[in-house]
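K.L.:
This is work-v3.cif (mmCIF, C-alpha atoms).
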data_model
#
loop_
_atom_site.label_atom_id
_atom_site.label_comp_id
_atom_site.auth_asym_id
_atom_site.auth_seq_id
_atom_site.Cartn_x
_atom_site.Cartn_y
_atom_site.Cartn_z
CA MET U 1 82.12 18.48 70.97
CA LEU U 2 79.40 18.49 73.65
CA LYS U 3 76.79 19.34 71.03
CA ARG U 4 77.75 16.30 68.94
CA LYS U 5 77.72 13.99 72.00
CA TRP U 6 74.26 15.27 72.93
CA VAL U 7 72.91 14.61 69.43
CA VAL U 8 74.32 11.06 69.42
CA ALA U 9 72.97 10.33 72.90
CA LEU U 10 69.52 11.69 72.04
CA ALA U 11 69.27 9.71 68.81
CA ALA U 12 70.55 6.51 70.40
CA SER U 13 68.21 6.74 73.40
CA THR U 14 65.23 7.47 71.15
CA VAL U 15 65.97 4.36 69.11
CA LEU U 16 66.51 2.16 72.16
CA LEU U 17 63.34 3.28 73.91
CA ALA U 18 61.27 2.76 70.79
CA GLY U 19 62.09 -0.90 70.21
CA HIS U 20 58.67 -2.08 71.39
CA ALA U 21 56.95 0.13 68.82
CA LEU U 22 58.31 -1.73 65.80
CA GLY U 23 55.76 -3.38 63.60
CA ALA U 24 55.86 -6.76 61.93
CA ASP U 25 57.38 -5.47 58.69
CA LYS U 26 61.14 -5.19 58.69
CA LYS U 27 62.32 -1.66 58.00
CA VAL U 28 65.31 -1.46 55.68
CA VAL U 29 67.89 1.28 56.04
CA ALA U 30 70.51 1.31 53.28
CA VAL U 31 73.82 3.01 53.96
CA SER U 32 75.83 3.95 50.87
CA ILE U 33 79.33 5.30 51.47
CA PRO U 34 82.67 5.59 49.67
CA ALA U 35 85.15 2.77 50.13
CA ALA U 36 88.09 3.32 52.47
CA ASP U 37 90.33 5.04 49.95
CA HIS U 38 91.99 7.30 52.53
CA GLY U 39 92.10 7.71 56.28
CA TRP U 40 88.92 9.70 56.76
CA THR U 41 86.79 7.35 54.67
CA ALA U 42 88.33 4.42 56.57
CA GLY U 43 86.88 6.05 59.67
CA ILE U 44 83.53 6.45 57.91
CA VAL U 45 83.43 2.73 57.02
CA TYR U 46 84.45 1.75 60.56
CA HIS U 47 81.71 3.81 62.24
CA ALA U 48 79.01 2.88 59.69
CA GLN U 49 79.67 -0.83 60.19
CA ALA U 50 79.67 -0.37 63.96
CA ALA U 51 76.28 1.39 63.84
CA ALA U 52 74.83 -1.34 61.61
CA LYS U 53 76.05 -4.09 63.92
CA GLU U 54 74.62 -2.40 67.01
CA ILE U 55 71.23 -1.60 65.49
CA ASN U 56 70.78 -4.97 63.77
CA ALA U 57 71.56 -6.75 67.04
CA ALA U 58 69.16 -4.62 69.05
CA PHE U 59 66.24 -4.56 66.63
CA PRO U 60 65.33 -7.72 64.69
CA ASP U 61 62.71 -5.71 62.75
CA VAL U 62 65.28 -3.21 61.45
CA GLU U 63 67.87 -4.13 58.84
CA VAL U 64 70.76 -1.73 58.27
CA VAL U 65 72.70 -2.65 55.13
CA VAL U 66 76.08 -0.99 54.49
CA LYS U 67 77.50 -0.82 50.97
CA THR U 68 80.85 0.76 50.10
CA SER U 69 81.78 2.01 46.63
CA PRO U 70 85.22 2.84 45.17
CA SER U 71 83.93 5.44 42.69
CA ALA U 72 80.93 7.61 41.86
CA THR U 73 79.95 5.23 39.05
CA ALA U 74 80.14 2.27 41.41
CA GLN U 75 78.01 4.11 43.96
CA VAL U 76 75.31 4.74 41.36
CA SER U 77 75.28 0.99 40.66
CA ALA U 78 75.24 0.28 44.38
CA LEU U 79 72.07 2.36 44.79
CA GLU U 80 70.41 0.32 42.06
CA ASP U 81 71.48 -2.92 43.76
CA LEU U 82 70.33 -1.78 47.20
CA SER U 83 66.86 -0.85 45.98
CA ALA U 84 66.37 -3.79 43.59
CA GLY U 85 63.55 -6.11 44.67
CA ARG U 86 62.84 -4.43 48.01
CA LYS U 87 61.53 -1.20 49.43
CA LEU U 88 64.03 1.03 51.14
CA ASP U 89 62.50 2.82 54.10
CA ALA U 90 65.53 5.06 54.40
CA LEU U 91 68.80 5.79 52.65
CA VAL U 92 71.81 7.23 54.45
CA ILE U 93 74.29 8.35 51.82
CA LEU U 94 77.65 10.00 51.82
CA PRO U 95 77.94 10.81 48.08
CA TYR U 96 81.22 10.02 46.38
CA THR U 97 80.70 13.19 44.34
CA SER U 98 77.86 15.65 44.47
CA GLU U 99 77.02 16.04 40.79
CA GLU U 100 77.00 12.38 39.75
CA LEU U 101 74.90 11.18 42.70
CA THR U 102 72.22 13.86 42.75
CA THR U 103 69.96 12.37 40.08
CA PRO U 104 70.27 8.73 41.27
CA VAL U 105 69.45 9.74 44.85
CA LYS U 106 66.43 11.71 43.63
CA ALA U 107 65.18 8.55 41.95
CA VAL U 108 65.39 6.72 45.29
CA LYS U 109 63.63 9.63 46.98
CA ASP U 110 60.84 9.57 44.41
CA ALA U 111 60.18 5.92 45.32
CA GLY U 112 59.14 7.06 48.81
CA THR U 113 62.44 6.66 50.68
CA PHE U 114 63.54 8.89 53.55
CA ILE U 115 66.87 10.45 52.53
CA THR U 116 69.69 11.33 54.90
CA VAL U 117 72.72 12.97 53.29
CA VAL U 118 76.02 13.10 55.16
CA ASP U 119 79.01 15.33 54.56
CA ARG U 120 79.29 15.72 50.77
CA GLY U 121 76.01 17.41 49.89
CA LEU U 122 73.94 16.87 46.76
CA ASN U 123 73.60 19.59 44.14
CA ASP U 124 69.88 19.73 44.91
CA PRO U 125 69.39 20.01 48.69
CA THR U 126 65.60 19.67 48.38
CA ILE U 127 66.10 15.93 47.86
CA GLN U 128 67.29 15.35 51.41
CA ASP U 129 65.07 15.01 54.47
CA LEU U 130 68.01 15.19 56.85
CA TYR U 131 71.49 16.58 56.30
CA LEU U 132 74.36 16.12 58.73
CA ALA U 133 77.88 17.46 58.29
CA GLY U 134 80.68 19.32 59.92
CA ASP U 135 81.03 23.06 59.50
CA ASN U 136 83.21 23.12 56.40
CA ILE U 137 83.17 26.88 56.07
CA ALA U 138 84.47 27.11 59.64
CA VAL U 139 87.22 24.56 58.84
CA GLY U 140 88.53 26.90 56.14
CA ARG U 141 87.84 30.11 58.04
CA ASN U 142 89.42 29.04 61.34
CA THR U 143 92.52 27.73 59.55
CA ALA U 144 92.87 30.99 57.63
CA LYS U 145 92.47 33.12 60.76
CA PHE U 146 95.28 31.22 62.45
CA MET U 147 97.51 31.71 59.41
CA ILE U 148 96.73 35.42 59.36
CA ASP U 149 97.69 35.82 63.00
CA LYS U 150 100.77 33.63 62.78
CA LEU U 151 102.13 35.24 59.59
CA GLY U 152 101.23 38.79 60.53
CA GLY U 153 98.71 39.08 57.71
CA LYS U 154 101.20 38.71 54.86
CA GLY U 155 102.94 35.95 52.94
CA ASN U 156 102.79 33.54 50.01
CA LEU U 157 100.44 30.56 50.24
CA VAL U 158 99.76 27.44 48.21
CA VAL U 159 96.51 25.48 48.61
CA LEU U 160 95.55 21.86 47.89
CA ARG U 161 91.89 21.11 47.21
CA GLY U 162 90.13 17.76 47.63
CA ILE U 163 87.66 16.52 45.02
CA PRO U 164 84.86 18.52 43.35
CA THR U 165 82.17 18.42 46.04
CA VAL U 166 80.04 20.85 48.00
CA ILE U 167 82.17 20.43 51.12
CA ASP U 168 85.40 21.17 49.26
CA ASP U 169 83.80 24.31 47.83
CA GLU U 170 82.71 25.36 51.31
CA ARG U 171 86.15 24.87 52.84
CA ILE U 172 87.73 26.93 50.08
CA GLN U 173 85.05 29.61 50.44
CA GLY U 174 85.66 29.91 54.18
CA PHE U 175 89.40 30.16 53.67
CA GLN U 176 89.27 32.68 50.82
CA ASP U 177 86.70 34.89 52.54
CA ALA U 178 88.85 35.04 55.67
CA ILE U 179 92.03 36.16 53.87
CA LYS U 180 90.29 38.91 51.90
CA GLY U 181 91.72 42.28 52.80
CA THR U 182 95.01 40.80 54.01
CA ASP U 183 98.36 40.60 52.27
CA LEU U 184 98.26 36.81 52.14
CA LYS U 185 98.64 35.82 48.49
CA VAL U 186 97.52 32.45 47.12
CA LEU U 187 100.18 31.54 44.55
CA ASP U 188 98.44 28.37 43.38
CA ILE U 189 95.42 26.22 44.16
CA GLN U 190 94.87 22.77 42.61
CA TYR U 191 93.08 19.50 43.32
CA ALA U 192 94.90 16.57 44.92
CA ASN U 193 91.77 14.47 45.47
CA TRP U 194 92.23 14.00 49.23
CA ASN U 195 95.05 11.60 48.42
CA SER U 196 98.45 11.58 50.10
CA ASP U 197 100.40 10.41 47.03
CA GLU U 198 98.78 12.98 44.75
CA ALA U 199 99.40 15.69 47.33
CA PHE U 200 103.05 14.68 47.54
CA LYS U 201 103.43 15.10 43.77
CA LEU U 202 101.50 18.37 43.68
CA MET U 203 103.56 19.78 46.53
CA GLN U 204 106.73 18.82 44.68
CA ASP U 205 105.42 20.83 41.73
CA TYR U 206 104.66 23.81 43.96
CA LEU U 207 108.14 23.65 45.46
CA ALA U 208 109.72 23.59 42.00
CA LYS U 209 107.61 26.52 40.74
CA TYR U 210 107.74 28.88 43.70
CA PRO U 211 111.00 29.86 45.41
CA GLN U 212 109.23 31.47 48.38
CA ILE U 213 106.30 29.75 50.09
CA ASP U 214 105.39 30.87 53.60
CA ALA U 215 102.50 28.52 54.28
CA VAL U 216 100.57 25.56 52.85
CA TRP U 217 96.96 24.64 53.40
CA ALA U 218 95.93 21.11 52.44
CA ASN U 219 92.24 21.04 53.26
CA ASP U 220 92.42 17.39 54.39
CA ASP U 221 94.92 15.58 56.61
CA ASP U 222 95.68 12.76 54.17
CA MET U 223 96.90 15.41 51.73
CA LEU U 224 98.80 17.12 54.54
CA LEU U 225 100.83 13.96 55.10
CA GLY U 226 101.95 14.08 51.46
CA VAL U 227 102.74 17.78 51.75
CA LEU U 228 104.86 17.28 54.85
CA GLU U 229 106.82 14.47 53.21
CA ALA U 230 107.51 16.59 50.12
CA VAL U 231 108.65 19.53 52.25
CA LYS U 232 110.88 17.26 54.32
CA GLU U 233 112.52 15.77 51.22
CA SER U 234 113.06 19.21 49.68
CA GLY U 235 114.96 20.55 52.66
CA ARG U 236 113.22 23.91 52.19
CA LYS U 237 113.30 26.20 55.24
CA ASP U 238 111.02 28.99 54.02
CA ILE U 239 107.74 27.17 54.82
CA LYS U 240 106.58 28.25 58.26
CA LEU U 241 103.18 26.54 58.39
CA ALA U 242 101.63 23.44 56.84
CA LEU U 243 98.06 22.91 58.03
CA GLY U 244 95.32 20.46 57.18
CA GLY U 245 91.90 19.57 58.56
CA ASN U 246 89.67 16.66 59.71
CA GLY U 247 91.28 15.65 63.00
CA MET U 248 93.45 12.70 61.94
CA LYS U 249 95.08 11.19 64.99
CA ASP U 250 98.58 11.53 63.49
CA ILE U 251 98.07 15.27 63.01
CA VAL U 252 96.47 15.77 66.42
CA LYS U 253 99.53 14.06 67.92
CA LYS U 254 101.72 16.65 66.18
CA VAL U 255 99.66 19.38 67.85
CA ILE U 256 100.02 17.67 71.23
CA ASP U 257 103.79 17.47 70.70
CA GLY U 258 104.01 21.18 69.82
CA ASP U 259 105.08 20.70 66.21
CA ALA U 260 106.27 24.05 64.86
CA MET U 261 105.01 23.61 61.30
CA THR U 262 101.67 22.02 62.24
CA PRO U 263 100.73 23.58 65.58
CA VAL U 264 96.91 23.54 65.13
CA GLU U 265 94.18 21.39 63.58
CA THR U 266 90.43 21.52 62.87
CA PRO U 267 88.11 18.54 63.57
CA TYR U 268 85.78 16.90 61.08
CA PRO U 269 84.93 13.55 62.75
CA PRO U 270 84.09 10.52 60.58
CA ALA U 271 81.90 9.33 63.47
CA MET U 272 79.28 11.70 62.04
CA ILE U 273 78.07 8.80 59.87
CA LYS U 274 77.11 6.89 63.02
CA THR U 275 75.21 9.88 64.34
CA ALA U 276 73.34 10.12 61.02
CA ILE U 277 72.40 6.42 61.01
CA TYR U 278 71.07 6.55 64.56
CA MET U 279 69.05 9.68 63.84
CA THR U 280 67.61 8.08 60.70
CA VAL U 281 66.54 4.94 62.54
CA ALA U 282 65.06 7.08 65.32
CA ASN U 283 62.95 8.83 62.68
CA LEU U 284 61.63 5.47 61.44
CA VAL U 285 60.89 3.70 64.70
CA GLY U 286 60.98 6.23 67.49
CA GLN U 287 57.95 8.38 66.72
CA ALA U 288 60.43 11.27 66.68
CA PRO U 289 60.21 13.04 63.31
CA THR U 290 63.68 14.14 62.31
CA ARG U 291 64.09 16.71 59.58
CA GLY U 292 66.47 19.54 58.77
CA ASN U 293 70.19 20.24 59.03
CA VAL U 294 72.64 19.23 61.77
CA LYS U 295 75.98 21.00 61.71
CA LEU U 296 78.88 19.88 63.91
CA ASP U 297 81.24 22.49 65.31
CA ALA U 298 84.81 22.94 64.01
CA PRO U 299 86.72 24.64 66.82
CA LEU U 300 90.46 25.12 66.47
CA ILE U 301 92.41 22.26 68.05
CA THR U 302 95.44 23.64 69.87
CA GLN U 303 98.01 22.16 72.21
CA ALA U 304 95.80 23.22 75.12
CA ASN U 305 92.80 21.10 74.09
CA ALA U 306 94.26 18.53 71.67
CA LYS U 307 94.04 15.58 74.06
CA GLU U 308 90.24 15.86 73.92
CA TYR U 309 90.43 15.04 70.19
CA TYR U 310 93.13 12.36 70.29
CA PHE U 311 91.93 8.76 69.91
CA PRO U 312 94.99 6.56 69.25
CA ASP U 313 92.97 3.36 68.77
CA SER U 314 90.71 4.75 66.07
CA PRO U 315 91.37 4.01 62.36
CA PHE U 316 91.70 7.74 61.68
#
Please go through the file and, once you have read it, give me the structure as structure tokens.
P.N.:
Amino acid sequence: MLKRKWVVALAASTVLLAGHALGADKKVVAVSIPAADHGWTAGIVYHAQAAAKEINAAFPDVEVVVKTSPSATAQVSALEDLSAGRKLDALVILPYTSEELTTPVKAVKDAGTFITVVDRGLNDPTIQDLYLAGDNIAVGRNTAKFMIDKLGGKGNLVVLRGIPTVIDDERIQGFQDAIKGTDLKVLDIQYANWNSDEAFKLMQDYLAKYPQIDAVWANDDDMLLGVLEAVKESGRKDIKLALGGNGMKDIVKKVIDGDAMTPVETPYPPAMIKTAIYMTVANLVGQAPTRGNVKLDAPLITQANAKEYYFPDSPF
């Protein structure tokens, strides 16, 4: 938490102190992100638009343009629109999917654009100049370790994946690596596309197929909401734990309240997009070359520290 605040403060102060150094040519920073199709992406849109408003107001020679896209195909088209007829000095992109956006982003890179990738990585990491994300392996690993301790190292699990992306793969890797050597058995693992309705239907299928389920891991909180609703409607009493990830305020509130089925959470803040935009602008105007990887921590949120992660006025 402190590490992330320090990164944001450093990037913001670098940009603010460098305002006098801007030249006559307006620098264009395009921000391409998924549309608000679930809670976490709603947070992404909120923080991206806030960053654009702040930077555009402070620096008349910097233009931050935010474009949202409802699908991978639409995001490819959006990249073409953003770069048509003007030079992009930088692109901050949260890819809708990794595979479909890798080649289009490379084309933008080849035109001389600084590339910042956020969260869902590209299939070719050499394209990016800067990468910023949460620790997805830790999200999966820390959740699994809690399940191991709580269940005594044995039990039947079902897992809900997000969409085919690098970060989904990393979360699953962290989870599966952590349960190796234990008697926790994954009965089923399928995609629910980080969607509450799809998770509700998938969880209904799991409940119909498996008479004994000890725990559920939905690797995103929107899916967890669907899981919890399906479990509630089923009346099943065998499920001891249903955990998610990302730090949705509704789930953090459950942790604060001491919910028995969802007693812990892992953070993955959508405000990371704002951090990435500020760092990208600092690279352009602050004489502060910014390259490499920034990874945000994913400590376990428990009842003891949950209030630090609870923001009731946020969109997520």
K.L.:
State, in Å with one decimal place, the distance from CA of Ser77 in chain U to CA of Val166 in chain U.
P.N.:
21.7 Å
K.L.:
Kindly give the distance, in Å, that separates CA of Ala36 in chain U and CA of Pro315 in chain U, rounded to a single decimal.
P.N.:
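Spanning CA of Ala36 in chain U to CA of Pro315 in chain U is a straight-line distance of 10.4 Å.
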K.L.:
Hey, can you pull every residue with an atom no more than 12 Å from (78.6, -3.1, 59.4), using only C-alpha atoms, and send it as a PDB file with C-alpha atoms, keeping the file's coordinate frame?
P.N.:
ATOM      1  CA  ALA U  30      70.510   1.310  53.280  1.00  0.00           C
ATOM      2  CA  VAL U  31      73.820   3.010  53.960  1.00  0.00           C
ATOM      3  CA  SER U  32      75.830   3.950  50.870  1.00  0.00           C
ATOM      4  CA  ILE U  33      79.330   5.300  51.470  1.00  0.00           C
ATOM      5  CA  ILE U  44      83.530   6.450  57.910  1.00  0.00           C
ATOM      6  CA  VAL U  45      83.430   2.730  57.020  1.00  0.00           C
ATOM      7  CA  TYR U  46      84.450   1.750  60.560  1.00  0.00           C
ATOM      8  CA  HIS U  47      81.710   3.810  62.240  1.00  0.00           C
ATOM      9  CA  ALA U  48      79.010   2.880  59.690  1.00  0.00           C
ATOM     10  CA  GLN U  49      79.670  -0.830  60.190  1.00  0.00           C
ATOM     11  CA  ALA U  50      79.670  -0.370  63.960  1.00  0.00           C
ATOM     12  CA  ALA U  51      76.280   1.390  63.840  1.00  0.00           C
ATOM     13  CA  ALA U  52      74.830  -1.340  61.610  1.00  0.00           C
ATOM     14  CA  LYS U  53      76.050  -4.090  63.920  1.00  0.00           C
ATOM     15  CA  GLU U  54      74.620  -2.400  67.010  1.00  0.00           C
ATOM     16  CA  ILE U  55      71.230  -1.600  65.490  1.00  0.00           C
ATOM     17  CA  ASN U  56      70.780  -4.970  63.770  1.00  0.00           C
ATOM     18  CA  ALA U  57      71.560  -6.750  67.040  1.00  0.00           C
ATOM     19  CA  GLU U  63      67.870  -4.130  58.840  1.00  0.00           C
ATOM     20  CA  VAL U  64      70.760  -1.730  58.270  1.00  0.00           C
ATOM     21  CA  VAL U  65      72.700  -2.650  55.130  1.00  0.00           C
ATOM     22  CA  VAL U  66      76.080  -0.990  54.490  1.00  0.00           C
ATOM     23  CA  LYS U  67      77.500  -0.820  50.970  1.00  0.00           C
ATOM     24  CA  THR U  68      80.850   0.760  50.100  1.00  0.00           C
ATOM     25  CA  ILE U 273      78.070   8.800  59.870  1.00  0.00           C
ATOM     26  CA  LYS U 274      77.110   6.890  63.020  1.00  0.00           C
ATOM     27  CA  ILE U 277      72.400   6.420  61.010  1.00  0.00           C
TER      28      ILE U 277
END
K.L.:
Can you work out the spacing between CA of Ala215 in chain U and CA of Trp194 in chain U in Å, to one decimal?
P.N.:
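A separation of 18.5 Å between them.
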K.L.:
Report as a ChimeraX atom specification the residues that result from applying the PyMOL selection byres ((chain U and resi 128-137) around 9) to the structure here.
P.N.:
/U:105-106,109,114-122,124-127,138-142,167-175,267-269,272-273,275-276,279-280,290-298
K.L.:
Would you mind listing what lies within 10 Å of Ser196 in chain U as a list in words, with only C-alpha atoms counted and same-chain residues fewer than 6 positions away left out?
P.N.:
His38, Gly39, Leu202, Asp220, Asp221, Asp222, Met223, Leu224, Leu225, Gly226, Val227, Leu228 and Glu229 of chain U
K.L.:
Give me, as a PyMOL selection string, all polymer residues having an atom no more than 12 Å from Thr262 in chain U, counting all atoms listed in the file and skipping those fewer than 3 positions away in the same chain.
P.N.:
chain U and resi 143+146-147+150+215-218+221+224-225+227-228+239-245+250-259+265-266+301-303
K.L.:
What does the PyMOL selection byres ((chain U and resi 179) around 9) select in this file, as a list in words?
P.N.:
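Output of the PyMOL selection byres ((chain U and resi 179) around 9): Arg141, Ala144, Lys145, Met147, Ile148, Gly153, Gly174, Phe175, Gln176, Asp177, Ala178, Lys180, Gly181, Thr182, Asp183, Leu184 and Lys185 of chain U.
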K.L.:
Tell me, as a list in words, which residues lie within 10 Å of Ala74 in chain U, counting all atoms listed in the file; anything in the same chain fewer than 5 positions away does not count.
P.N.:
Pro34, Thr68, Ser69, Leu79, Glu80 and Tyr96 of chain U
K.L.:
Rank U:Ile213, U:Val281, U:Ala208, U:Val231 by their smallest atom-to-atom distance to Val29 in chain U, using all atoms listed in the file, and report the top residue only.
P.N.:
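Smallest separation from Val29 in chain U among the options: U:Val281.
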K.L.:
For Lys232 in chain U, which of U:Leu207, U:Val186, U:Met248, U:Ala84 is the closest residue, counting all atoms listed in the file?
P.N.:
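Among U:Leu207, U:Val186, U:Met248, U:Ala84, it is U:Leu207 that comes nearest to Lys232 in chain U.
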K.L.:
Skip Ile189 in chain U itself and residues of its chain fewer than 4 positions away, then list as a list in words all residues within 8 Å of it, counting only C-alpha atoms.
P.N.:
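Within the cut-off, the hits are Val158, Val159, Leu160 and Arg161 of chain U.
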K.L.:
Might you spell out which residues the PyMOL selection byres ((chain U and resi 111) around 10) would select in the displayed file, as a count of residues only?
P.N.:
12
K.L.:
Give the answer as one residue: which of U:Lys27, U:Lys249, U:Lys201, U:Lys209 has the shortest atom-to-atom distance to Tyr310 in chain U, using all atoms listed in the file?
P.N.:
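Looking only at the distances to Tyr310 in chain U, the closest residue turns out to be U:Lys249.
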